[in-house]
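Data file: target-v7.pdb. Format and content: PDB, C-alpha atoms.
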```pdb
ATOM      1  CA  MET A   1     100.321 133.822 102.232
ATOM      2  CA  THR A   2      99.230 133.705 105.854
ATOM      3  CA  GLU A   3      98.953 136.905 107.875
ATOM      4  CA  LEU A   4     102.222 137.614 109.676
ATOM      5  CA  THR A   5     102.492 139.309 113.039
ATOM      6  CA  PRO A   6     104.848 142.304 113.138
ATOM      7  CA  SER A   7     107.587 140.344 114.937
ATOM      8  CA  THR A   8     107.206 137.332 112.621
ATOM      9  CA  LEU A   9     107.284 139.639 109.597
ATOM     10  CA  ALA A  10     110.446 141.357 110.849
ATOM     11  CA  LYS A  11     112.189 138.005 111.352
ATOM     12  CA  GLU A  12     111.071 136.656 107.983
ATOM     13  CA  LEU A  13     112.194 139.822 106.183
ATOM     14  CA  ASN A  14     115.585 139.750 107.912
ATOM     15  CA  ASP A  15     116.066 136.044 107.191
ATOM     16  CA  THR A  16     115.029 136.409 103.551
ATOM     17  CA  PHE A  17     117.150 139.528 103.065
ATOM     18  CA  ILE A  18     120.329 137.996 104.477
ATOM     19  CA  ARG A  19     119.816 134.746 102.549
ATOM     20  CA  ASP A  20     119.334 136.656  99.292
ATOM     21  CA  VAL A  21     122.174 139.102  99.938
ATOM     22  CA  LEU A  22     124.621 136.358 100.857
ATOM     23  CA  SER A  23     123.731 134.523  97.634
ATOM     24  CA  MET A  24     124.792 137.597  95.599
ATOM     25  CA  PRO A  25     128.386 137.806  94.349
ATOM     26  CA  ASP A  26     130.373 139.495  97.161
ATOM     27  CA  GLY A  27     127.188 139.754  99.213
ATOM     28  CA  ASP A  28     129.066 138.712 102.328
ATOM     29  CA  HIS A  29     130.771 142.123 102.289
ATOM     30  CA  ILE A  30     127.735 143.455 104.150
ATOM     31  CA  LYS A  31     129.244 141.832 107.249
ATOM     32  CA  ILE A  32     132.333 144.080 107.152
ATOM     33  CA  CYS A  33     130.561 147.434 106.946
ATOM     34  CA  GLN A  34     132.324 149.835 109.332
ATOM     35  CA  GLN A  35     129.517 152.412 109.255
ATOM     36  CA  CYS A  36     131.906 155.033 107.826
ATOM     37  CA  GLY A  37     129.063 156.920 106.119
ATOM     38  CA  THR A  38     130.750 157.224 102.709
ATOM     39  CA  CYS A  39     127.672 155.716 101.056
ATOM     40  CA  THR A  40     125.285 158.199 102.643
ATOM     41  CA  GLY A  41     127.633 161.108 101.935
ATOM     42  CA  SER A  42     127.801 160.042  98.281
ATOM     43  CA  CYS A  43     124.051 159.588  97.851
ATOM     44  CA  PRO A  44     122.362 162.513  96.063
ATOM     45  CA  THR A  45     118.979 161.753  97.666
ATOM     46  CA  SER A  46     119.953 160.591 101.154
ATOM     47  CA  HIS A  47     118.743 163.878 102.674
ATOM     48  CA  LEU A  48     115.221 162.977 101.510
ATOM     49  CA  MET A  49     115.300 159.370 102.722
ATOM     50  CA  ASP A  50     113.869 158.119 106.006
ATOM     51  CA  TYR A  51     117.017 155.945 106.269
ATOM     52  CA  GLY A  52     120.266 156.750 104.467
ATOM     53  CA  PRO A  53     122.281 153.885 102.954
ATOM     54  CA  ARG A  54     124.469 153.561 106.070
ATOM     55  CA  GLU A  55     121.345 153.384 108.238
ATOM     56  CA  VAL A  56     119.912 150.638 106.027
ATOM     57  CA  ILE A  57     122.841 148.380 106.936
ATOM     58  CA  ALA A  58     122.609 149.425 110.600
ATOM     59  CA  ALA A  59     118.863 148.655 110.613
ATOM     60  CA  PHE A  60     119.540 145.251 109.100
ATOM     61  CA  ARG A  61     122.108 144.469 111.801
ATOM     62  CA  ALA A  62     119.608 145.588 114.449
ATOM     63  CA  GLY A  63     116.926 143.281 113.032
ATOM     64  CA  GLN A  64     114.776 146.204 111.859
ATOM     65  CA  ILE A  65     114.832 145.736 108.100
ATOM     66  CA  ASP A  66     111.013 145.720 108.161
ATOM     67  CA  GLU A  67     111.078 149.420 109.089
ATOM     68  CA  VAL A  68     113.327 150.221 106.126
ATOM     69  CA  VAL A  69     111.124 148.221 103.752
ATOM     70  CA  LYS A  70     108.066 150.232 104.849
ATOM     71  CA  SER A  71     109.875 153.578 104.452
ATOM     72  CA  ASN A  72     110.380 155.909 101.482
ATOM     73  CA  THR A  73     114.101 155.058 101.302
ATOM     74  CA  LEU A  74     113.933 152.369  98.618
ATOM     75  CA  TRP A  75     111.829 154.424  96.279
ATOM     76  CA  LEU A  76     114.128 157.446  96.462
ATOM     77  CA  CYS A  77     117.229 155.477  95.441
ATOM     78  CA  THR A  78     118.110 156.724  91.948
ATOM     79  CA  SER A  79     120.361 153.717  91.184
ATOM     80  CA  CYS A  80     123.261 156.067  90.432
ATOM     81  CA  TYR A  81     125.703 153.583  92.051
ATOM     82  CA  ALA A  82     127.683 156.385  93.752
ATOM     83  CA  CYS A  83     127.370 154.540  97.088
ATOM     84  CA  THR A  84     128.549 151.265  95.587
ATOM     85  CA  VAL A  85     131.476 152.807  93.720
ATOM     86  CA  ARG A  86     132.745 154.703  96.759
ATOM     87  CA  CYS A  87     132.212 152.055  99.450
ATOM     88  CA  PRO A  88     135.622 151.125 100.936
ATOM     89  CA  ALA A  89     134.259 147.673 101.890
ATOM     90  CA  GLN A  90     132.995 147.156  98.294
ATOM     91  CA  ILE A  91     129.425 146.537  99.452
ATOM     92  CA  LYS A  92     127.008 146.575  96.520
ATOM     93  CA  ILE A  93     124.570 148.905  98.221
ATOM     94  CA  THR A  94     122.516 149.600  95.106
ATOM     95  CA  ASP A  95     121.938 145.856  94.734
ATOM     96  CA  LEU A  96     120.820 145.762  98.380
ATOM     97  CA  MET A  97     118.282 148.490  97.606
ATOM     98  CA  TYR A  98     116.934 146.461  94.674
ATOM     99  CA  GLU A  99     116.579 143.420  96.931
ATOM    100  CA  LEU A 100     114.702 145.517  99.488
ATOM    101  CA  LYS A 101     112.377 146.846  96.763
ATOM    102  CA  ARG A 102     111.661 143.282  95.707
ATOM    103  CA  LEU A 103     110.828 142.318  99.286
ATOM    104  CA  ALA A 104     108.605 145.379  99.733
ATOM    105  CA  ILE A 105     106.604 144.435  96.660
ATOM    106  CA  LYS A 106     106.490 140.722  97.566
ATOM    107  CA  TYR A 107     105.196 141.382 101.095
ATOM    108  CA  ASP A 108     102.942 144.268  99.993
ATOM    109  CA  LEU A 109     104.722 146.767 102.254
ATOM    110  CA  VAL A 110     105.004 149.566  99.718
ATOM    111  CA  PRO A 111     103.810 152.924 101.041
ATOM    112  CA  LYS A 112     100.501 153.667  99.337
ATOM    113  CA  GLU A 113     101.697 157.001  97.929
ATOM    114  CA  GLN A 114     104.563 155.338  96.037
ATOM    115  CA  LYS A 115     104.068 155.021  92.294
ATOM    116  CA  ASN A 116     107.321 153.241  91.429
ATOM    117  CA  PRO A 117     106.117 149.676  92.146
ATOM    118  CA  ALA A 118     103.305 150.011  89.600
ATOM    119  CA  LEU A 119     105.764 151.331  87.020
ATOM    120  CA  THR A 120     108.110 148.438  87.810
ATOM    121  CA  LYS A 121     105.289 145.923  87.346
ATOM    122  CA  TYR A 122     104.207 147.409  84.000
ATOM    123  CA  PHE A 123     107.839 147.646  82.839
ATOM    124  CA  ILE A 124     108.468 143.940  83.560
ATOM    125  CA  GLU A 125     105.221 142.899  81.869
ATOM    126  CA  GLY A 126     106.191 144.965  78.812
ATOM    127  CA  VAL A 127     109.643 143.379  78.652
ATOM    128  CA  HIS A 128     108.050 139.915  78.831
ATOM    129  CA  ARG A 129     105.712 140.841  75.944
ATOM    130  CA  HIS A 130     108.148 142.697  73.688
ATOM    131  CA  GLY A 131     111.639 141.798  74.902
ATOM    132  CA  ARG A 132     112.340 145.462  75.627
ATOM    133  CA  SER A 133     110.773 148.505  77.213
ATOM    134  CA  ALA A 134     107.779 149.974  75.415
ATOM    135  CA  GLU A 135     107.621 153.494  76.836
ATOM    136  CA  ALA A 136     104.315 154.628  75.323
ATOM    137  CA  GLU A 137     102.560 151.433  76.433
ATOM    138  CA  LEU A 138     104.139 151.667  79.898
ATOM    139  CA  MET A 139     103.018 155.241  80.483
ATOM    140  CA  THR A 140      99.569 154.652  78.999
ATOM    141  CA  ARG A 141      98.935 151.686  81.300
ATOM    142  CA  TYR A 142     100.250 153.606  84.282
ATOM    143  CA  MET A 143      98.167 156.707  83.615
ATOM    144  CA  LEU A 144      94.972 154.801  82.920
ATOM    145  CA  THR A 145      95.234 152.663  86.054
ATOM    146  CA  ARG A 146      97.070 154.814  88.606
ATOM    147  CA  ASP A 147      97.076 158.503  87.749
ATOM    148  CA  GLN A 148      94.562 159.671  85.152
ATOM    149  CA  LEU A 149      95.447 163.334  85.702
ATOM    150  CA  ALA A 150      99.017 162.625  84.608
ATOM    151  CA  THR A 151      97.631 162.253  81.080
ATOM    152  CA  PHE A 152      96.974 165.984  80.979
ATOM    153  CA  ARG A 153     100.157 166.976  82.815
ATOM    154  CA  PHE A 154     102.415 165.039  80.442
ATOM    155  CA  ALA A 155     100.509 165.395  77.162
ATOM    156  CA  GLY A 156     102.804 168.161  75.890
ATOM    157  CA  LEU A 157     105.975 166.257  76.727
ATOM    158  CA  GLY A 158     104.561 163.086  75.174
ATOM    159  CA  MET A 159     103.786 164.908  71.921
ATOM    160  CA  LYS A 160     107.307 166.364  71.779
ATOM    161  CA  LEU A 161     108.835 162.922  72.339
ATOM    162  CA  LEU A 162     106.642 161.420  69.601
ATOM    163  CA  GLN A 163     107.510 164.208  67.142
ATOM    164  CA  ALA A 164     111.225 163.833  67.847
ATOM    165  CA  GLY A 165     111.023 160.065  67.300
ATOM    166  CA  ARG A 166     112.141 159.421  70.882
ATOM    167  CA  MET A 167     109.024 157.472  71.882
ATOM    168  CA  PRO A 168     107.420 155.257  69.246
ATOM    169  CA  LEU A 169     103.650 155.023  69.508
ATOM    170  CA  LEU A 170     103.587 151.282  68.830
ATOM    171  CA  PRO A 171     105.870 148.947  70.774
ATOM    172  CA  LYS A 172     108.726 147.297  68.922
ATOM    173  CA  THR A 173     109.356 143.620  69.608
ATOM    174  CA  ILE A 174     112.874 142.200  69.502
ATOM    175  CA  ALA A 175     113.833 138.862  67.980
ATOM    176  CA  GLY A 176     114.863 137.228  71.287
ATOM    177  CA  LYS A 177     111.758 138.138  73.283
ATOM    178  CA  ASP A 178     110.854 134.519  73.992
ATOM    179  CA  GLU A 179     114.264 133.893  75.553
ATOM    180  CA  ILE A 180     113.900 136.979  77.768
ATOM    181  CA  LYS A 181     110.428 135.838  78.808
ATOM    182  CA  ALA A 182     111.788 132.356  79.615
ATOM    183  CA  ILE A 183     114.509 133.898  81.810
ATOM    184  CA  GLY A 184     111.869 135.915  83.680
ATOM    185  CA  GLU A 185     109.666 132.856  84.177
ATOM    186  CA  TYR A 186     112.665 130.832  85.388
ATOM    187  CA  LEU A 187     113.548 133.518  87.943
ATOM    188  CA  ASP A 188     109.913 133.745  89.096
ATOM    189  CA  ALA A 189     109.819 129.956  89.560
ATOM    190  CA  ARG A 190     113.084 130.039  91.546
ATOM    191  CA  GLU A 191     111.617 132.761  93.758
ATOM    192  CA  GLU A 192     108.516 130.665  94.443
ATOM    193  CA  GLU A 193     110.681 127.624  95.262
ATOM    194  CA  ARG A 194     112.661 129.640  97.808
ATOM    195  CA  ALA A 195     109.464 130.936  99.404
TER
END
```

Please express the file's structure as structure tokens.
Amino acid sequence: MTELTPSTLAKELNDTFIRDVLSMPDGDHIKICQQCGTCTGSCPTSHLMDYGPREVIAAFRAGQIDEVVKSNTLWLCTSCYACTVRCPAQIKITDLMYELKRLAIKYDLVPKEQKNPALTKYFIEGVHRHGRSAEAELMTRYMLTRDQLATFRFAGLGMKLLQAGRMPLLPKTIAGKDEIKAIGEYLDAREEERA
């Protein structure tokens, strides 16, 4: 990917975001947002975000989605769907946040202190390998590559989860893992075609 200037990046992010959002079921509802603030008022973490959910839509309309993508907002969304459920315009705000996360990872705009993108990457790779999440493998990969000290901080919790049978040490593979992997590869290929 060629180096983008800030203005070119902003335009490309806005264009990509609107194209992807409008291709979602009911994605065109973003156009009828009245900026009522119900989404932000419903969000349990909006007070910690650089941009609340309402401001995300306002930033998009102002052509400043690049600023949102570089912020902490996406990584503080807990995917509780309170904003989506309560939106009077029926905008799927949580889905918008997922799209913004995808763009942040694609364009390498994730704030360096954020750990979620690495967890997302390891989770997806695990699902491709096993057809489901493999928690012990996920956390082991994360701790060994991103946060070695976490091994000591979470050792006690990990042992309790193992003893209670809540986190198997070896990953379990489901019967339909090849189909799940094929779906992932298909979606990756579609993403490359659109780029």

When the PyMOL selection byres ((chain A and resi 173-183) around 10) is applied to the file above, which residues end up in the set, as a CSV table (one decimal) with C-alpha atoms, keeping the file's coordinate frame?
```csv
chain,number,residue,atom,x,y,z
A,124,ILE,CA,108.5,143.9,83.6
A,125,GLU,CA,105.2,142.9,81.9
A,126,GLY,CA,106.2,145.0,78.8
A,127,VAL,CA,109.6,143.4,78.7
A,128,HIS,CA,108.0,139.9,78.8
A,129,ARG,CA,105.7,140.8,75.9
A,130,HIS,CA,108.1,142.7,73.7
A,131,GLY,CA,111.6,141.8,74.9
A,132,ARG,CA,112.3,145.5,75.6
A,133,SER,CA,110.8,148.5,77.2
A,134,ALA,CA,107.8,150.0,75.4
A,170,LEU,CA,103.6,151.3,68.8
A,171,PRO,CA,105.9,148.9,70.8
A,172,LYS,CA,108.7,147.3,68.9
A,184,GLY,CA,111.9,135.9,83.7
A,185,GLU,CA,109.7,132.9,84.2
A,186,TYR,CA,112.7,130.8,85.4
A,187,LEU,CA,113.5,133.5,87.9
A,188,ASP,CA,109.9,133.7,89.1
A,189,ALA,CA,109.8,130.0,89.6
```

Have a look at A:Met167, A:Ala118, A:Ile91, A:Ala155 and name the one nearest to A:Glu137; count all atoms listed in the file.
A:Met167

With a cut-off of 7 Å, could you pull out the residues of stretch 85-156 of chain A touching stretch 33-56 of chain A and give me the nearest pair of atoms for each, distance in Å to one decimal, using all atoms listed in the file, ordered by chain and ascending number, as JSON lines?
```
{"residue": "A:Arg86", "atom": "CA", "partner": "A:Cys39", "partner_atom": "CA", "distance": 6.7}
{"residue": "A:Cys87", "atom": "CA", "partner": "A:Cys39", "partner_atom": "CA", "distance": 6.0}
{"residue": "A:Ala89", "atom": "CA", "partner": "A:Cys33", "partner_atom": "CA", "distance": 6.3}
```

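Our summary of the geometry notes that atom CA of A:Leu169 is positioned 16.4 Å from atom CA of A:Tyr122.
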
Within 12 Å of A:Ala10, counting all atoms listed in the file, which residues show up once you throw out same-chain ones fewer than 2 positions away? Write them as a compact mmCIF listing (two decimals) with C-alpha atoms, in the frame of the given file, please.
```
# COMPACT_ATOMS: atom_id res chain seq x y z
CA LEU A 4 102.22 137.61 109.68
CA THR A 5 102.49 139.31 113.04
CA PRO A 6 104.85 142.30 113.14
CA SER A 7 107.59 140.34 114.94
CA THR A 8 107.21 137.33 112.62
CA GLU A 12 111.07 136.66 107.98
CA LEU A 13 112.19 139.82 106.18
CA ASN A 14 115.58 139.75 107.91
CA ASP A 15 116.07 136.04 107.19
CA THR A 16 115.03 136.41 103.55
CA PHE A 17 117.15 139.53 103.06
CA ALA A 59 118.86 148.66 110.61
CA PHE A 60 119.54 145.25 109.10
CA ALA A 62 119.61 145.59 114.45
CA GLY A 63 116.93 143.28 113.03
CA GLN A 64 114.78 146.20 111.86
CA ILE A 65 114.83 145.74 108.10
CA ASP A 66 111.01 145.72 108.16
CA GLU A 67 111.08 149.42 109.09
CA VAL A 68 113.33 150.22 106.13
CA VAL A 69 111.12 148.22 103.75
CA LYS A 70 108.07 150.23 104.85
CA LEU A 103 110.83 142.32 99.29
CA ALA A 104 108.60 145.38 99.73
CA TYR A 107 105.20 141.38 101.10
CA LEU A 109 104.72 146.77 102.25
```

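Atom CA of A:Ser79 is found 28.3 Å from atom CA of A:Phe152.
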
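For the set A:Lys106, A:Leu74, A:Gln90, A:Arg141, the residue with the smallest atom-to-atom gap to A:Glu192 is A:Lys106, counting all atoms listed in the file.
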
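Rounded to one decimal, atom CA of A:Tyr98 and atom CA of A:Met139 lie 21.7 Å from each other.
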
Here is a test: counting all atoms listed in the file, which residue of A:Leu138, A:Val110, A:Leu96, A:Leu144 is nearest to A:Asp26?
A:Leu96

Restricting the calculation to only C-alpha atoms: of A:Thr78, A:Thr94, A:Thr151, A:Thr84, which residue gets closest to A:Ala136?
A:Thr151

So for stretch 50-68 of chain A, what box centre and size do we get, axis-aligned, 8 Å extra on each of the six sides, every listed atom, Å to one decimal, as AutoDock Vina command-line options?
```
--center_x 117.7 --center_y 150.7 --center_z 108.7 --size_x 29.5 --size_y 30.8 --size_z 27.5
```

So that I can look at just that part, could you write stretch 18-29 of chain A with N, CA and C atoms, as a short mmCIF file (atom, residue, chain, number, x, y, z; two decimals), in the first residue's frame?
```
data_model
loop_
_atom_site.label_atom_id
_atom_site.label_comp_id
_atom_site.auth_asym_id
_atom_site.auth_seq_id
_atom_site.Cartn_x
_atom_site.Cartn_y
_atom_site.Cartn_z
N ILE A 18 -18.25 4.73 4.20
CA ILE A 18 -19.62 4.89 3.71
C ILE A 18 -20.00 3.77 2.76
N ARG A 19 -19.07 3.34 1.90
CA ARG A 19 -19.37 2.23 0.99
C ARG A 19 -19.71 0.97 1.78
N ASP A 20 -18.89 0.68 2.80
CA ASP A 20 -19.10 -0.53 3.59
C ASP A 20 -20.37 -0.43 4.43
N VAL A 21 -20.62 0.74 5.01
CA VAL A 21 -21.81 0.91 5.84
C VAL A 21 -23.07 0.81 4.99
N LEU A 22 -23.07 1.43 3.84
CA LEU A 22 -24.25 1.38 2.98
C LEU A 22 -24.51 -0.01 2.42
N SER A 23 -23.48 -0.86 2.40
CA SER A 23 -23.68 -2.24 1.93
C SER A 23 -24.24 -3.14 3.04
N MET A 24 -24.25 -2.65 4.29
CA MET A 24 -24.82 -3.41 5.40
C MET A 24 -26.35 -3.34 5.33
N PRO A 25 -27.04 -4.37 5.83
CA PRO A 25 -28.50 -4.26 5.92
C PRO A 25 -28.88 -3.04 6.77
N ASP A 26 -29.74 -2.20 6.27
CA ASP A 26 -30.20 -0.97 6.93
C ASP A 26 -29.07 0.02 7.20
N GLY A 27 -27.97 -0.11 6.50
CA GLY A 27 -26.85 0.79 6.69
C GLY A 27 -27.16 2.22 6.30
N ASP A 28 -28.13 2.39 5.40
CA ASP A 28 -28.49 3.74 4.97
C ASP A 28 -29.16 4.55 6.08
N HIS A 29 -29.50 3.91 7.19
CA HIS A 29 -30.09 4.63 8.31
C HIS A 29 -29.13 5.66 8.90
#
```
